[in-house]
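Engineer: Can you read through this structure? Questions will come right after.
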Amino acid sequence: MEDIINSLSTYGYIILFAYSFGGGMVAIIAAGVLSYAGKMDLTVSIIVAFSANAIGSAFLFYMGRYNKHILMPYIKKHRRKLALSHILMKKYGDKIIFLQKFIYGLKTLVPVTIGLTKYPVVKFHIINTISAGLWACILGVGSYLAGDVLTRIAAYFTANPLFAPFLLLSIIALLWFYLQKATQKKRQ
């Protein structure tokens, strides 16, 4: 986290754009903390993250819509996760476009899955744009307001460098376990 914060203060908005294009939350959170510290501007950070996230999700949507044959070899091993995305879309409808921005592992698959369906393009863009704006505002302002706490947490991880990889691996393991369970075949 400290490396990301240092890189953001040096290369700032370029890294924020690139990272948010892929839907990453860490960069907008780091930008909020840097805004709290006075090294970046919060409004510009939110606008950059919002723009990149909206464009990135639209890109994935169009990849699913018009390049299905190119994507299929890459997503074959993720068929169950695609099926989960499709089920979530049916269950939650338009809300899943907003929710997927906060769920690791689904934030790239949901726009692709929606692109594979006959979901209306204009409707996707409207909901995606609103969702990207809310995503950027919630994370940007939230991390700005929690800047003091997040700065102390980053200092703790700097002082205890072995704890960060353990925590990160634990979170990844929990997410992997959840996705495995959620996409597992049900025994009859």
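Residue names in the structure tokens use chain letters A, B, ... in the order shown, residue numbers from 1 in each chain, and ligand numbers from 1 in the order shown.
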Would you mind listing what lies within 12 Å of segment 116-118 of chain A as a PDB file with N, CA and C atoms, in the first residue's frame, with only C-alpha atoms counted and same-chain residues fewer than 5 positions away left out?

Structural biologist:
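Saved as part_25.pdb:
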```pdb
ATOM      1  N   LEU A  60     -15.247  -3.311 -21.597  1.00  0.00           N
ATOM      2  CA  LEU A  60     -15.528  -4.720 -21.347  1.00  0.00           C
ATOM      3  C   LEU A  60     -16.890  -5.127 -21.898  1.00  0.00           C
ATOM      4  N   PHE A  61     -17.863  -4.249 -21.777  1.00  0.00           N
ATOM      5  CA  PHE A  61     -19.191  -4.500 -22.326  1.00  0.00           C
ATOM      6  C   PHE A  61     -19.097  -4.710 -23.842  1.00  0.00           C
ATOM      7  N   TYR A  62     -18.378  -3.825 -24.523  1.00  0.00           N
ATOM      8  CA  TYR A  62     -18.243  -3.944 -25.973  1.00  0.00           C
ATOM      9  C   TYR A  62     -17.400  -5.148 -26.380  1.00  0.00           C
ATOM     10  N   MET A  63     -16.440  -5.506 -25.550  1.00  0.00           N
ATOM     11  CA  MET A  63     -15.678  -6.735 -25.825  1.00  0.00           C
ATOM     12  C   MET A  63     -16.613  -7.944 -25.814  1.00  0.00           C
ATOM     13  N   GLY A  64     -17.497  -7.999 -24.835  1.00  0.00           N
ATOM     14  CA  GLY A  64     -18.461  -9.086 -24.764  1.00  0.00           C
ATOM     15  C   GLY A  64     -19.477  -9.031 -25.892  1.00  0.00           C
ATOM     16  N   ARG A  65     -19.868  -7.847 -26.281  1.00  0.00           N
ATOM     17  CA  ARG A  65     -20.904  -7.680 -27.301  1.00  0.00           C
ATOM     18  C   ARG A  65     -20.390  -7.998 -28.703  1.00  0.00           C
ATOM     19  N   TYR A  66     -19.199  -7.509 -29.047  1.00  0.00           N
ATOM     20  CA  TYR A  66     -18.747  -7.592 -30.434  1.00  0.00           C
ATOM     21  C   TYR A  66     -17.530  -8.483 -30.669  1.00  0.00           C
ATOM     22  N   ASN A  67     -16.912  -8.988 -29.620  1.00  0.00           N
ATOM     23  CA  ASN A  67     -15.726  -9.831 -29.784  1.00  0.00           C
ATOM     24  C   ASN A  67     -15.840 -11.128 -29.012  1.00  0.00           C
ATOM     25  N   LYS A  68     -17.005 -11.705 -29.025  1.00  0.00           N
ATOM     26  CA  LYS A  68     -17.260 -12.940 -28.281  1.00  0.00           C
ATOM     27  C   LYS A  68     -16.299 -14.053 -28.720  1.00  0.00           C
ATOM     28  N   HIS A  69     -16.077 -14.179 -30.005  1.00  0.00           N
ATOM     29  CA  HIS A  69     -15.195 -15.239 -30.520  1.00  0.00           C
ATOM     30  C   HIS A  69     -13.754 -15.071 -30.052  1.00  0.00           C
ATOM     31  N   LEU A  71     -12.931 -13.606 -27.107  1.00  0.00           N
ATOM     32  CA  LEU A  71     -12.939 -13.789 -25.651  1.00  0.00           C
ATOM     33  C   LEU A  71     -13.106 -15.244 -25.221  1.00  0.00           C
ATOM     34  N   MET A  72     -13.800 -16.033 -26.002  1.00  0.00           N
ATOM     35  CA  MET A  72     -14.166 -17.383 -25.568  1.00  0.00           C
ATOM     36  C   MET A  72     -12.982 -18.245 -25.105  1.00  0.00           C
ATOM     37  N   ILE A  75     -12.157 -17.051 -21.526  1.00  0.00           N
ATOM     38  CA  ILE A  75     -13.162 -17.150 -20.471  1.00  0.00           C
ATOM     39  C   ILE A  75     -13.724 -18.559 -20.323  1.00  0.00           C
ATOM     40  N   LEU A  82     -18.939 -16.868 -15.021  1.00  0.00           N
ATOM     41  CA  LEU A  82     -19.821 -16.194 -15.972  1.00  0.00           C
ATOM     42  C   LEU A  82     -21.278 -16.572 -15.706  1.00  0.00           C
ATOM     43  N   ALA A  83     -21.499 -17.850 -15.413  1.00  0.00           N
ATOM     44  CA  ALA A  83     -22.859 -18.298 -15.082  1.00  0.00           C
ATOM     45  C   ALA A  83     -23.351 -17.597 -13.812  1.00  0.00           C
ATOM     46  N   SER A  85     -22.399 -14.671 -12.757  1.00  0.00           N
ATOM     47  CA  SER A  85     -22.688 -13.289 -13.153  1.00  0.00           C
ATOM     48  C   SER A  85     -24.060 -13.201 -13.817  1.00  0.00           C
ATOM     49  N   HIS A  86     -24.358 -14.164 -14.669  1.00  0.00           N
ATOM     50  CA  HIS A  86     -25.639 -14.171 -15.366  1.00  0.00           C
ATOM     51  C   HIS A  86     -26.794 -14.383 -14.378  1.00  0.00           C
ATOM     52  N   MET A  89     -27.304 -11.249 -12.484  1.00  0.00           N
ATOM     53  CA  MET A  89     -27.977 -10.268 -13.336  1.00  0.00           C
ATOM     54  C   MET A  89     -29.479 -10.525 -13.349  1.00  0.00           C
ATOM     55  N   LYS A  90     -29.861 -11.797 -13.464  1.00  0.00           N
ATOM     56  CA  LYS A  90     -31.288 -12.128 -13.461  1.00  0.00           C
ATOM     57  C   LYS A  90     -31.915 -11.847 -12.094  1.00  0.00           C
ATOM     58  N   LEU A 109     -16.034  -9.487 -14.970  1.00  0.00           N
ATOM     59  CA  LEU A 109     -16.891 -10.472 -15.624  1.00  0.00           C
ATOM     60  C   LEU A 109     -18.312  -9.975 -15.866  1.00  0.00           C
ATOM     61  N   VAL A 110     -18.852  -9.174 -14.980  1.00  0.00           N
ATOM     62  CA  VAL A 110     -20.238  -8.724 -15.136  1.00  0.00           C
ATOM     63  C   VAL A 110     -20.427  -7.883 -16.410  1.00  0.00           C
ATOM     64  N   PRO A 111     -19.586  -6.884 -16.686  1.00  0.00           N
ATOM     65  CA  PRO A 111     -19.788  -6.148 -17.944  1.00  0.00           C
ATOM     66  C   PRO A 111     -19.629  -7.040 -19.182  1.00  0.00           C
ATOM     67  N   LYS A 123     -29.108   1.743 -22.085  1.00  0.00           N
ATOM     68  CA  LYS A 123     -29.442   1.507 -20.679  1.00  0.00           C
ATOM     69  C   LYS A 123     -28.190   1.134 -19.890  1.00  0.00           C
ATOM     70  N   PHE A 124     -27.335   0.273 -20.468  1.00  0.00           N
ATOM     71  CA  PHE A 124     -26.085  -0.095 -19.789  1.00  0.00           C
ATOM     72  C   PHE A 124     -25.233   1.143 -19.550  1.00  0.00           C
TER      73      PHE A 124
END
```

Engineer: As a ChimeraX atom specification, please: the residues near Ala52 of chain A (cut-off 9 Å, only C-alpha atoms, same-chain neighbours under 5 positions excluded).

Structural biologist: /A:16-23,47,57,132

Engineer: Considering only C-alpha atoms, return as a list in words whatever protein or nucleic-acid residues lie within 12 Å of Leu99 of chain A, sequence-local ones (same chain, fewer than 3 positions apart) excluded.

Structural biologist: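 So the residues in contact are Ser85, Leu88, Met89, Tyr92, Gly93, Asp94, Lys95, Ile96, Phe102, Ile103, Tyr104, Gly105, Leu106, Lys107, Val110, Pro111, Ile127, Asn128, Ile130, Ser131, Ala132, Leu134 and Trp135 of chain A.
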
Engineer: Between A:Ile126, A:Leu169, A:Ile28, A:Val121, single out the one closest to Phe50 of chain A, counting only C-alpha atoms.

Structural biologist: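 Closest candidate: A:Ile28.
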
Engineer: Using atom CA of Val26 of chain A and atom CA of Gly140 of chain A as the two end points, give the distance in Å to one decimal.

Structural biologist: 10.2 Å

Engineer: Mind giving me the straight-line distance from atom CA of Ala146 of chain A to atom CA of Ala173 of chain A in Å, one decimal?

Structural biologist: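 Interatomic distance here is 26.3 Å.
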
Engineer: Rank nothing, just name the residue among A:Ala37, A:Asn53, A:Ala27, A:Ala58 nearest to Val122 of chain A, using only C-alpha atoms.

Structural biologist: A:Ala58

Engineer: Of the candidates A:Lys101, A:Pro165, A:Lys76, A:Tyr13, which shows the shortest atom-to-atom distance to Ala136 of chain A, using only C-alpha atoms?

Structural biologist: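 Smallest distance to Ala136 of chain A is found for A:Lys101.
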
Engineer: Find the distance between atom CA of Val141 of chain A and atom CA of Gly38 of chain A and write it in Å to one decimal.

Structural biologist: 13.9 Å

Engineer: Could you tell me which of A:His125, A:Arg152, A:Arg80, A:Lys91 comes closest to Ala182 of chain A if we count only C-alpha atoms?

Structural biologist: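 That would be A:Arg80, the residue with the smallest distance to Ala182 of chain A.
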
Engineer: Per DSSP on the backbone, what are the alpha helix (DSSP H) residues of chain A, as a ChimeraX atom specification?

Structural biologist: /A:2-21,26-36,42-66,68-75,79-92,95-99,109-116,121-145,147-159,163-182
